[in-house]
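start.cif, holding mmCIF, C-alpha atoms and all ligand atoms:
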data_protein
#
loop_
_atom_site.label_atom_id
_atom_site.label_comp_id
_atom_site.auth_asym_id
_atom_site.auth_seq_id
_atom_site.Cartn_x
_atom_site.Cartn_y
_atom_site.Cartn_z
CA MET J 1 143.55 14.09 -88.16
CA LYS J 2 147.28 14.88 -88.08
CA PRO J 3 149.56 12.10 -89.39
CA ALA J 4 151.37 11.98 -86.03
CA ASP J 5 148.04 11.54 -84.23
CA PHE J 6 147.01 8.80 -86.62
CA ASP J 7 150.32 7.01 -86.04
CA PHE J 8 149.86 7.27 -82.29
CA VAL J 9 146.32 5.86 -82.40
CA ALA J 10 147.32 3.11 -84.83
CA LYS J 11 150.21 2.04 -82.57
CA LEU J 12 148.04 2.09 -79.46
CA VAL J 13 145.26 0.06 -81.10
CA ARG J 14 147.74 -2.45 -82.48
CA GLU J 15 149.46 -2.92 -79.12
CA ARG J 16 146.17 -3.42 -77.34
CA SER J 17 144.25 -5.56 -79.82
CA GLY J 18 146.48 -6.66 -82.68
CA LEU J 19 144.33 -4.75 -85.17
CA VAL J 20 146.51 -3.31 -87.91
CA LEU J 21 145.51 0.15 -89.14
CA THR J 22 147.36 1.22 -92.26
CA PRO J 23 147.48 4.94 -93.20
CA ASP J 24 144.77 4.41 -95.85
CA LYS J 25 142.42 3.76 -92.91
CA ALA J 26 142.76 7.32 -91.58
CA TYR J 27 139.20 8.14 -92.70
CA LEU J 28 137.93 5.06 -90.82
CA VAL J 29 139.74 6.09 -87.65
CA GLU J 30 138.27 9.58 -87.87
CA SER J 31 134.74 8.39 -88.52
CA ARG J 32 134.86 5.82 -85.70
CA LEU J 33 136.52 8.08 -83.12
CA GLY J 34 134.16 11.01 -83.66
CA PRO J 35 131.32 9.27 -81.80
CA VAL J 36 133.71 8.19 -78.99
CA ALA J 37 134.76 11.82 -78.47
CA ARG J 38 131.14 12.98 -78.48
CA LYS J 39 130.09 10.33 -76.00
CA GLU J 40 132.91 11.26 -73.64
CA GLY J 41 132.17 14.97 -73.99
CA ILE J 42 135.55 15.64 -75.63
CA PRO J 43 135.29 18.59 -78.04
CA SER J 44 137.57 17.40 -80.87
CA LEU J 45 139.66 14.52 -82.16
CA ASP J 46 142.80 16.51 -81.32
CA ASP J 47 141.67 16.66 -77.71
CA LEU J 48 140.77 12.98 -77.74
CA VAL J 49 144.26 12.04 -78.88
CA SER J 50 145.79 14.37 -76.28
CA SER J 51 143.83 12.57 -73.56
CA LEU J 52 144.98 9.23 -74.92
CA ARG J 53 148.60 10.37 -74.85
CA LEU J 54 148.25 11.39 -71.22
CA ARG J 55 146.75 8.12 -70.06
CA THR J 56 147.47 5.09 -72.18
CA HIS J 57 145.68 2.77 -69.74
CA SER J 58 142.16 3.99 -69.18
CA PRO J 59 138.56 3.21 -70.08
CA LEU J 60 138.97 5.78 -72.85
CA VAL J 61 141.64 3.62 -74.48
CA ASP J 62 139.32 0.60 -74.23
CA ALA J 63 136.54 2.62 -75.83
CA VAL J 64 138.86 3.63 -78.68
CA VAL J 65 139.99 0.04 -79.27
CA ASP J 66 136.37 -1.13 -79.13
CA ALA J 67 135.37 1.52 -81.65
CA MET J 68 138.06 0.35 -84.05
CA THR J 69 136.88 -3.26 -84.13
CA THR J 70 134.81 -4.44 -87.08
CA ASN J 71 131.89 -6.44 -85.74
CA GLU J 72 130.22 -7.56 -88.95
CA THR J 73 128.56 -10.92 -88.41
CA PHE J 74 125.33 -12.75 -89.17
CA PHE J 75 123.50 -15.96 -88.38
CA PHE J 76 124.89 -19.14 -90.01
CA ARG J 77 127.52 -17.06 -91.79
CA ASP J 78 129.07 -18.93 -94.75
CA LYS J 79 126.90 -21.99 -93.96
CA THR J 80 129.75 -24.48 -94.57
CA PRO J 81 131.16 -24.35 -91.02
CA PHE J 82 127.75 -25.25 -89.65
CA GLU J 83 127.35 -28.09 -92.14
CA LEU J 84 130.77 -29.37 -91.11
CA LEU J 85 129.79 -29.09 -87.47
CA GLU J 86 126.65 -31.12 -88.09
CA ASN J 87 128.04 -33.72 -90.49
CA VAL J 88 131.69 -34.16 -89.54
CA ILE J 89 132.60 -32.70 -86.18
CA ILE J 90 129.63 -33.59 -83.98
CA PRO J 91 129.29 -37.21 -85.18
CA ASP J 92 133.01 -37.71 -84.54
CA LEU J 93 132.92 -36.12 -81.10
CA VAL J 94 129.70 -37.87 -80.06
CA ALA J 95 131.45 -41.16 -80.82
CA LYS J 96 134.67 -40.21 -79.03
CA LYS J 97 133.51 -38.29 -75.98
CA ARG J 98 131.39 -41.10 -74.54
CA GLY J 99 128.81 -38.80 -73.01
CA ALA J 100 131.21 -36.10 -71.79
CA PRO J 101 130.18 -32.59 -72.85
CA ILE J 102 131.41 -31.18 -76.15
CA LYS J 103 133.11 -27.84 -75.55
CA ILE J 104 132.97 -25.16 -78.21
CA TRP J 105 134.69 -21.78 -78.11
CA CYS J 106 133.71 -18.87 -80.34
CA ALA J 107 136.86 -16.81 -80.03
CA ALA J 108 135.45 -13.71 -81.75
CA ALA J 109 131.77 -13.96 -80.93
CA SER J 110 130.92 -10.34 -81.78
CA THR J 111 127.20 -9.73 -81.17
CA GLY J 112 126.37 -13.40 -80.65
CA GLN J 113 125.03 -14.59 -83.98
CA GLU J 114 127.76 -17.22 -84.36
CA PRO J 115 127.42 -18.89 -80.93
CA TYR J 116 123.63 -18.71 -81.10
CA SER J 117 123.68 -20.32 -84.56
CA ILE J 118 125.65 -23.19 -83.04
CA ALA J 119 123.22 -23.46 -80.13
CA MET J 120 120.18 -23.54 -82.46
CA LEU J 121 121.84 -26.09 -84.73
CA VAL J 122 122.68 -28.33 -81.78
CA ASP J 123 119.10 -28.03 -80.54
CA SER J 124 117.84 -29.20 -83.94
CA LEU J 125 120.05 -32.31 -83.91
CA GLY J 126 118.07 -34.06 -81.18
CA HIS J 127 118.92 -37.74 -80.90
CA LYS J 128 121.93 -37.32 -83.20
CA MET J 129 123.63 -35.75 -80.17
CA GLY J 130 123.54 -39.15 -78.51
CA GLY J 131 122.72 -37.49 -75.21
CA CYS J 132 125.91 -35.42 -75.41
CA LYS J 133 125.65 -31.93 -73.92
CA VAL J 134 127.30 -29.01 -75.65
CA GLU J 135 128.91 -26.12 -73.78
CA ILE J 136 129.39 -22.96 -75.83
CA LEU J 137 131.62 -20.09 -74.74
CA GLY J 138 131.57 -16.81 -76.67
CA THR J 139 134.38 -14.32 -76.12
CA ASP J 140 135.26 -10.99 -77.68
CA ILE J 141 137.37 -7.94 -76.90
CA SER J 142 134.39 -5.62 -77.42
CA GLU J 143 132.27 -5.06 -74.31
CA ARG J 144 129.72 -3.27 -76.47
CA CYS J 145 129.29 -6.42 -78.60
CA LEU J 146 129.19 -8.76 -75.62
CA GLU J 147 126.41 -6.72 -74.04
CA LYS J 148 124.32 -7.07 -77.16
CA ALA J 149 125.15 -10.76 -77.40
CA LYS J 150 124.05 -11.35 -73.81
CA ALA J 151 120.81 -9.44 -74.35
CA GLY J 152 120.08 -11.58 -77.42
CA ILE J 153 117.98 -8.85 -79.03
CA TYR J 154 118.26 -8.34 -82.77
CA THR J 155 116.77 -5.99 -85.34
CA GLN J 156 114.43 -7.13 -88.08
CA PHE J 157 117.29 -6.73 -90.53
CA GLU J 158 119.63 -8.90 -88.43
CA VAL J 159 117.13 -11.77 -88.06
CA GLN J 160 116.76 -11.88 -91.83
CA ARG J 161 120.46 -12.29 -92.59
CA GLY J 162 121.22 -16.00 -92.76
CA LEU J 163 118.51 -17.09 -90.33
CA PRO J 164 115.98 -19.54 -91.78
CA VAL J 165 112.40 -18.56 -90.91
CA GLN J 166 111.88 -21.89 -89.14
CA TYR J 167 114.58 -20.92 -86.63
CA LEU J 168 112.99 -17.50 -86.23
CA MET J 169 109.64 -19.11 -85.45
CA LYS J 170 111.12 -21.65 -83.09
CA HIS J 171 113.57 -19.54 -81.11
CA PHE J 172 112.59 -15.87 -81.26
CA LYS J 173 109.86 -13.64 -79.85
CA LYS J 174 108.98 -10.23 -81.12
CA GLU J 175 109.65 -7.42 -78.65
CA GLY J 176 108.55 -4.04 -79.98
CA GLU J 177 110.38 -3.57 -83.26
CA ASN J 178 113.03 -6.15 -82.36
CA TRP J 179 113.34 -9.89 -81.97
CA LYS J 180 114.54 -11.57 -78.79
CA ILE J 181 116.13 -15.00 -78.76
CA SER J 182 114.59 -17.56 -76.39
CA ASP J 183 115.94 -18.04 -72.88
CA GLN J 184 116.67 -21.64 -73.78
CA VAL J 185 119.09 -20.68 -76.58
CA ARG J 186 120.45 -17.73 -74.64
CA SER J 187 121.29 -19.88 -71.65
CA ALA J 188 123.13 -22.38 -73.86
CA VAL J 189 125.89 -19.80 -74.43
CA ARG J 190 128.17 -18.21 -71.82
CA TYR J 191 129.95 -14.97 -72.62
CA ARG J 192 133.20 -13.59 -71.35
CA SER J 193 135.39 -10.71 -72.33
CA MET J 194 138.71 -11.90 -73.75
CA ASN J 195 141.48 -10.23 -75.72
CA LEU J 196 143.11 -12.85 -77.95
CA LEU J 197 146.49 -11.19 -77.37
CA ASP J 198 146.19 -12.08 -73.69
CA ASP J 199 146.77 -15.41 -71.98
CA PHE J 200 143.59 -17.41 -72.50
CA ARG J 201 144.62 -20.62 -70.74
CA ALA J 202 142.17 -19.91 -67.91
CA LEU J 203 139.30 -20.54 -70.33
CA GLY J 204 140.09 -24.24 -70.18
CA ARG J 205 140.26 -26.73 -73.02
CA PHE J 206 137.96 -27.09 -76.00
CA ASP J 207 136.97 -29.66 -78.60
CA VAL J 208 136.11 -27.08 -81.23
CA ILE J 209 137.27 -23.51 -81.77
CA PHE J 210 135.45 -21.12 -84.08
CA CYS J 211 138.05 -18.47 -84.89
CA ARG J 212 136.47 -16.79 -87.85
CA ASN J 213 137.00 -13.42 -89.46
CA VAL J 214 139.17 -11.98 -86.74
CA LEU J 215 142.75 -13.03 -87.55
CA ILE J 216 142.38 -11.27 -90.92
CA TYR J 217 142.87 -7.99 -89.06
CA PHE J 218 146.21 -9.05 -87.55
CA ASP J 219 149.75 -9.29 -88.95
CA ALA J 220 151.29 -12.72 -89.65
CA PRO J 221 153.37 -13.05 -86.45
CA THR J 222 150.32 -12.19 -84.32
CA LYS J 223 148.19 -14.73 -86.21
CA LYS J 224 150.84 -17.35 -85.61
CA ARG J 225 151.16 -16.65 -81.90
CA ILE J 226 147.39 -16.87 -81.42
CA LEU J 227 146.99 -20.08 -83.43
CA ASP J 228 149.94 -21.72 -81.70
CA ARG J 229 148.45 -20.95 -78.30
CA MET J 230 145.03 -22.17 -79.44
CA ALA J 231 146.60 -25.46 -80.48
CA THR J 232 147.55 -26.11 -76.86
CA GLN J 233 143.98 -25.36 -75.72
CA VAL J 234 142.28 -28.05 -77.77
CA GLU J 235 141.61 -31.66 -76.99
CA PRO J 236 142.79 -33.73 -79.99
CA PRO J 237 141.53 -34.06 -82.69
CA GLY J 238 141.04 -30.38 -81.87
CA TYR J 239 138.82 -28.91 -84.52
CA LEU J 240 139.44 -25.35 -85.68
CA LEU J 241 137.09 -23.48 -88.00
CA MET J 242 138.27 -20.40 -89.82
CA GLY J 243 136.55 -17.87 -92.07
CA ALA J 244 135.89 -18.50 -95.75
CA ALA J 245 138.87 -16.38 -96.81
CA GLU J 246 141.29 -17.55 -94.10
CA THR J 247 143.86 -20.30 -93.77
CA THR J 248 146.54 -21.55 -91.38
CA LEU J 249 148.74 -22.51 -94.33
CA GLY J 250 151.93 -20.52 -94.45
CA ILE J 251 151.26 -19.21 -90.94
CA THR J 252 151.65 -22.24 -88.70
CA ASP J 253 151.74 -26.00 -89.03
CA VAL J 254 150.20 -26.78 -85.64
CA PHE J 255 146.83 -27.04 -87.39
CA LYS J 256 146.47 -29.02 -90.59
CA PRO J 257 143.60 -28.75 -93.09
CA VAL J 258 141.03 -31.54 -93.17
CA GLN J 259 140.67 -32.89 -96.70
CA ASN J 260 137.52 -31.86 -98.57
CA ALA J 261 136.35 -29.66 -95.74
CA ARG J 262 136.98 -26.02 -96.53
CA GLY J 263 137.93 -23.95 -93.49
CA LEU J 264 138.27 -26.95 -91.16
CA TYR J 265 141.54 -27.85 -89.44
CA THR J 266 142.63 -30.30 -86.78
CA VAL J 267 145.56 -30.00 -84.48
CA ASP J 268 148.75 -31.87 -85.39
CA PRO J 269 149.78 -33.43 -82.05
CA THR J 270 153.31 -34.08 -83.28
CA LYS J 271 153.76 -30.32 -83.63
CA THR J 272 152.36 -29.32 -80.26
CA GLY J 273 153.55 -32.20 -78.14
CA LEU J 274 149.94 -32.95 -77.22
CA THR J 275 148.57 -36.43 -76.90
CA ARG J 276 144.98 -37.50 -76.58
CA ALA J 277 143.70 -37.23 -73.04
CA ALA J 278 142.84 -40.63 -71.62
CA MET H 1 117.47 -19.63 -116.09
CA LYS H 2 114.92 -19.79 -113.29
CA SER H 3 111.76 -17.72 -113.37
CA CYS H 4 110.24 -15.65 -110.58
CA LEU H 5 106.81 -14.06 -110.45
CA VAL H 6 106.78 -10.84 -108.43
CA VAL H 7 103.33 -10.20 -106.98
CA ASP H 8 102.89 -6.75 -105.45
CA ASP H 9 100.41 -3.92 -105.98
CA SER H 10 103.19 -1.33 -105.75
CA ARG H 11 104.87 -0.62 -109.05
CA VAL H 12 107.91 0.75 -107.24
CA ILE H 13 108.35 -2.46 -105.21
CA ARG H 14 107.94 -4.59 -108.35
CA LYS H 15 110.63 -2.54 -110.04
CA VAL H 16 113.03 -2.84 -107.11
CA ALA H 17 112.39 -6.59 -106.83
CA ARG H 18 112.83 -7.03 -110.58
CA ARG H 19 116.22 -5.35 -110.49
CA ILE H 20 117.41 -7.49 -107.57
CA LEU H 21 116.13 -10.74 -109.11
CA GLU H 22 117.50 -9.98 -112.57
CA ASP H 23 120.90 -9.40 -110.97
CA MET H 24 120.46 -12.88 -109.49
CA ASP H 25 119.83 -14.21 -113.02
CA PHE H 26 116.10 -14.76 -112.70
CA GLN H 27 113.67 -14.25 -115.51
CA VAL H 28 111.09 -11.96 -113.91
CA ASN H 29 107.35 -11.66 -114.44
CA GLU H 30 105.02 -9.32 -112.62
CA ALA H 31 101.46 -9.34 -111.31
CA GLU H 32 99.69 -6.57 -109.38
CA ASP H 33 97.35 -8.73 -107.30
CA GLY H 34 96.63 -12.35 -106.36
CA GLN H 35 94.10 -12.93 -109.09
CA ALA H 36 96.38 -11.67 -111.85
CA ALA H 37 99.11 -13.85 -110.34
CA LEU H 38 96.90 -16.96 -110.46
CA ARG H 39 96.20 -16.34 -114.16
CA LYS H 40 99.93 -16.07 -114.85
CA CYS H 41 100.57 -19.28 -112.93
CA GLN H 42 97.88 -21.10 -114.91
CA GLN H 43 99.63 -20.08 -118.14
CA GLU H 44 103.03 -21.10 -116.83
CA MET H 45 104.16 -22.14 -113.36
CA PRO H 46 107.15 -20.04 -112.25
CA ASP H 47 110.02 -21.58 -110.26
CA ALA H 48 109.56 -18.96 -107.56
CA VAL H 49 107.00 -16.43 -106.37
CA LEU H 50 107.91 -13.32 -104.38
CA LEU H 51 104.61 -12.50 -102.75
CA ASP H 52 103.15 -9.40 -101.08
CA TRP H 53 100.37 -9.86 -98.52
CA ASN H 54 98.05 -6.85 -98.68
CA MET H 55 96.79 -6.30 -102.20
CA PRO H 56 93.42 -5.34 -103.72
CA VAL H 57 91.23 -7.93 -105.52
CA MET H 58 92.99 -10.95 -103.99
CA ASN H 59 95.55 -10.82 -101.18
CA GLY H 60 98.71 -12.88 -100.95
CA ILE H 61 97.52 -15.47 -98.46
CA ASP H 62 94.36 -16.25 -100.49
CA PHE H 63 96.48 -16.48 -103.63
CA LEU H 64 98.84 -18.91 -101.91
CA ARG H 65 96.02 -21.18 -100.71
CA GLU H 66 94.51 -21.21 -104.21
CA LEU H 67 97.88 -21.86 -105.79
CA ARG H 68 98.74 -24.75 -103.48
CA SER H 69 95.42 -26.47 -104.18
CA SER H 70 95.62 -26.11 -107.98
CA PRO H 71 97.29 -28.65 -110.31
CA GLY H 72 101.07 -28.17 -110.34
CA GLY H 73 100.69 -25.42 -107.75
CA GLU H 74 102.74 -27.21 -105.12
CA ALA H 75 105.88 -26.75 -107.23
CA PRO H 76 106.78 -23.05 -107.04
CA VAL H 77 108.89 -21.93 -104.12
CA VAL H 78 106.93 -19.12 -102.48
CA VAL H 79 108.69 -16.39 -100.52
CA PHE H 80 106.48 -13.87 -98.81
CA CYS H 81 107.68 -10.27 -98.91
CA THR H 82 105.45 -8.10 -96.79
CA THR H 83 105.15 -5.38 -94.14
CA GLU H 84 103.28 -7.88 -91.95
CA ASN H 85 106.01 -8.46 -89.40
CA ASP H 86 104.44 -10.17 -86.41
CA MET H 87 104.87 -13.80 -85.47
CA SER H 88 101.24 -14.77 -86.06
CA SER H 89 101.41 -13.58 -89.69
CA ILE H 90 104.62 -15.54 -90.25
CA VAL H 91 103.06 -18.67 -88.81
CA GLU H 92 99.89 -18.20 -90.88
CA ALA H 93 101.93 -17.79 -94.07
CA MET H 94 104.06 -20.85 -93.40
CA GLU H 95 100.98 -22.93 -92.61
CA ALA H 96 99.39 -21.79 -95.87
CA GLY H 97 102.38 -23.25 -97.71
CA ALA H 98 104.98 -20.49 -97.95
CA ASN H 99 108.64 -21.59 -98.04
CA GLU H 100 110.31 -18.47 -96.68
CA TYR H 101 109.35 -15.08 -95.34
CA ILE H 102 110.80 -11.62 -95.88
CA MET H 103 109.73 -8.67 -93.75
CA LYS H 104 109.86 -5.34 -95.55
CA PRO H 105 111.90 -3.23 -95.91
CA PHE H 106 114.10 -5.62 -97.85
CA ASP H 107 117.28 -5.35 -99.86
CA SER H 108 119.26 -7.55 -102.22
CA GLU H 109 121.18 -9.13 -99.36
CA ILE H 110 118.02 -10.33 -97.64
CA VAL H 111 116.50 -11.62 -100.88
CA GLN H 112 119.71 -13.51 -101.67
CA SER H 113 119.93 -14.91 -98.15
CA LYS H 114 116.32 -16.12 -98.21
CA PHE H 115 116.46 -17.48 -101.77
CA ALA H 116 119.63 -19.39 -100.85
CA GLU H 117 117.84 -20.78 -97.80
CA VAL H 118 115.21 -22.46 -99.97
CA GLY H 119 117.65 -23.68 -102.62
CA LEU H 120 116.69 -21.21 -105.35
CA ILE H 121 120.29 -20.07 -105.75
C1 LIG L 1 134.20 -9.51 -88.04
S1 LIG L 1 133.82 -10.02 -86.39
C2 LIG L 1 133.66 -11.77 -86.62
C3 LIG L 1 132.45 -12.34 -85.92
C4 LIG L 1 132.17 -13.82 -86.17
N1 LIG L 1 133.26 -14.66 -85.74
C5 LIG L 1 131.89 -14.07 -87.63
O1 LIG L 1 132.70 -14.64 -88.34
O2 LIG L 1 130.80 -13.67 -88.09
C6 LIG L 1 135.41 -9.83 -85.59
C7 LIG L 1 135.34 -9.71 -84.07
O3 LIG L 1 136.66 -9.86 -83.54
C8 LIG L 1 136.76 -9.06 -82.39
N2 LIG L 1 138.18 -8.80 -82.08
C9 LIG L 1 139.04 -7.98 -82.71
N3 LIG L 1 140.25 -8.00 -82.12
C10 LIG L 1 140.16 -8.87 -81.08
C11 LIG L 1 141.07 -9.32 -80.08
N4 LIG L 1 142.34 -8.87 -80.02
N5 LIG L 1 140.63 -10.22 -79.18
C12 LIG L 1 139.35 -10.67 -79.22
N6 LIG L 1 138.45 -10.28 -80.13
C13 LIG L 1 138.85 -9.38 -81.06
C14 LIG L 1 135.99 -7.81 -82.75
O4 LIG L 1 135.56 -7.11 -81.60
C15 LIG L 1 134.83 -8.37 -83.58
O5 LIG L 1 133.65 -8.51 -82.82
#

As a first step, turn the structure in this file into structure tokens.
Amino acid sequence: MKPADFDFVAKLVRERSGLVLTPDKAYLVESRLGPVARKEGIPSLDDLVSSLRLRTHSPLVDAVVDAMTTNETFFFRDKTPFELLENVIIPDLVAKKRGAPIKIWCAAASTGQEPYSIAMLVDSLGHKMGGCKVEILGTDISERCLEKAKAGIYTQFEVQRGLPVQYLMKHFKKEGENWKISDQVRSAVRYRSMNLLDDFRALGRFDVIFCRNVLIYFDAPTKKRILDRMATQVEPPGYLLMGAAETTLGITDVFKPVQNARGLYTVDPTKTGLTRAA
Amino acid sequence: MKSCLVVDDSRVIRKVARRILEDMDFQVNEAEDGQAALRKCQQEMPDAVLLDWNMPVMNGIDFLRELRSSPGGEAPVVVFCTTENDMSSIVEAMEAGANEYIMKPFDSEIVQSKFAEVGLI
């Protein structure tokens, strides 16, 4: 791929999704765009880039952005966030919400393992939920991922990454070579396509946001803009969970770390002008 | 250092499993069928057993039932590792006293994930 073509694709992808592609990722761009070109019946990468230059708003652009996303995920990834959800967040919210539903947003849901892990965990908590319902929304920029998430069908390899066998027995059925999650768990999660660069106020307000392993692909100002907007979408205390290698420190002070709880943050109302809803 | 007994009639699988488990800091022993495995367990109970299902002489499920009913045999954490990949086999294994279940083909990531699940690492 010509350096000028790489620069064009990198700029386009960054504008559309926030994903930063540095020149050392040229090989990645080539290997991911090859299949897009083939699928669209475009003979070469040169031709693909020419088409992109002609029409910078088209399904082809969406397909290119989608192809450049990294969708790596697995059930109960990193474990700690789910332990914090069970032992810190849910008990606190059950006490505070007085029966109103707990609203959880997975802001980079990928192929669904994260929201479904939450749904299965909640299901296992039984009476500890104090009759509280939980509403889970999964969003992602990738339509390809959302389709898979909605179908809830996983390979044998995927159901063995992070998923305890008890959960497999309780919530999955074998379908051919694959495993399908139960309708009960599937219906506990709603999915919607959402680009985090866009205005997400229409999604409503949440008690908990899982924003894990997505901001790592963005530059610092983009991270800050997204986190600052998220801070206005949460109901105080406004729990935010980030990936094991991520932090809000040095990026924004609207979320502050919770002591002794790695990856967990709550909103600082003095920084956002928010007060607890009555 | 924890110990793991790898029970599988395939020498290749035992070798692959040994390499993965040694990388995870386990002291590895091998047995080629259920009966040989029982003898090894009688000499010394391992902390973990990675267990194939279909083997000559004595299969994995019979070994597990024998193990669980022998003195000290409730202690080892038993992780099945088998090509049996239907729900009824999984349920049968868990009812017989298995702690986790791996469907072949497997790799180091799956072994680590499952061993972490049952507190072995
Ligand atoms: C590595 S996955 C993380 C999945 C899950 N949260 C986890 O931690 O396992 C990152 C996801 O972020 C999505 N993504 C990337 N840029 C995005 C954007 N601008 N808006 C929404 N989602 C985006 C990708 O499509 C991908 O599915």

Quiz prompt | Long-range neighbours of J:Val64 as a list in words, 7 Å cut-off, all atoms listed in the file, 4 positions minimum in chain | solution = Leu33, Val36, Leu60 and Met68 of chain J

Practice problem: May I ask you to write as JSON, numbers by chain all residues lying at most 7 Å from ligand LIG 1 (chain L), with all atoms listed in the file counted? | Solution: {"J": [17, 18, 19, 66, 69, 70, 71, 72, 73, 74, 77, 106, 107, 108, 109, 110, 111, 114, 139, 140, 141, 142, 145, 194, 195, 196, 197, 211, 212, 213, 214, 243]}

Self-check item: Shell of 10 Å around H:Met94, all atoms listed in the file, local chain residues under 6 positions omitted, as a ChimeraX atom specification
Solution: /J:165-166,169 /H:61,78-80,88,100-101

Quiz item: Which residue out of J:Lys174, J:Arg55, J:Arg14, J:Lys39 has the minimum interatomic distance to chain H when all atoms listed in the file are used?
Solution: J:Lys174

Sorted by chain and rising residue number, list the residues of chain H at most 9 Å from chain J (counting only C-alpha atoms), each with its closest atom pair and distance in Å to one decimal, as a tab-separated table.
residue	atom	partner	partner_atom	distance
H:Asn85	CA	J:Gln156	CA	8.6
H:Asp86	CA	J:Lys174	CA	7.0
H:Met87	CA	J:Lys174	CA	7.0
H:Ile90	CA	J:Met169	CA	7.8
H:Val91	CA	J:Met169	CA	7.4
H:Met94	CA	J:Gln166	CA	9.0
H:Asn99	CA	J:Val165	CA	8.6
H:Glu100	CA	J:Val165	CA	6.1
H:Tyr101	CA	J:Val165	CA	6.4
H:Ile102	CA	J:Gln160	CA	7.2
H:Met103	CA	J:Gln156	CA	7.5
H:Lys104	CA	J:Gln156	CA	8.9
H:Pro105	CA	J:Phe157	CA	8.4
H:Phe106	CA	J:Phe157	CA	8.1
H:Glu109	CA	J:Arg161	CA	7.5
H:Ile110	CA	J:Arg161	CA	5.9
H:Ser113	CA	J:Gly162	CA	5.6
H:Lys114	CA	J:Pro164	CA	7.3
H:Ala116	CA	J:Gly162	CA	8.9
H:Glu117	CA	J:Pro164	CA	6.4
H:Val118	CA	J:Pro164	CA	8.7

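When atom CA of J:Ser117 is paired with atom CA of J:Trp105, their separation reads 12.8 Å.
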
Quiz prompt | stretch 23-25 of chain J environment, 12 Å, all atoms listed in the file, sequence neighbours closer than 5 positions dropped, as a ChimeraX atom specification | solution = /J:1-11,30-32,68

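Distance-wise, atom CA of J:Pro43 and atom CA of J:Thr22 end up 25.5 Å apart.
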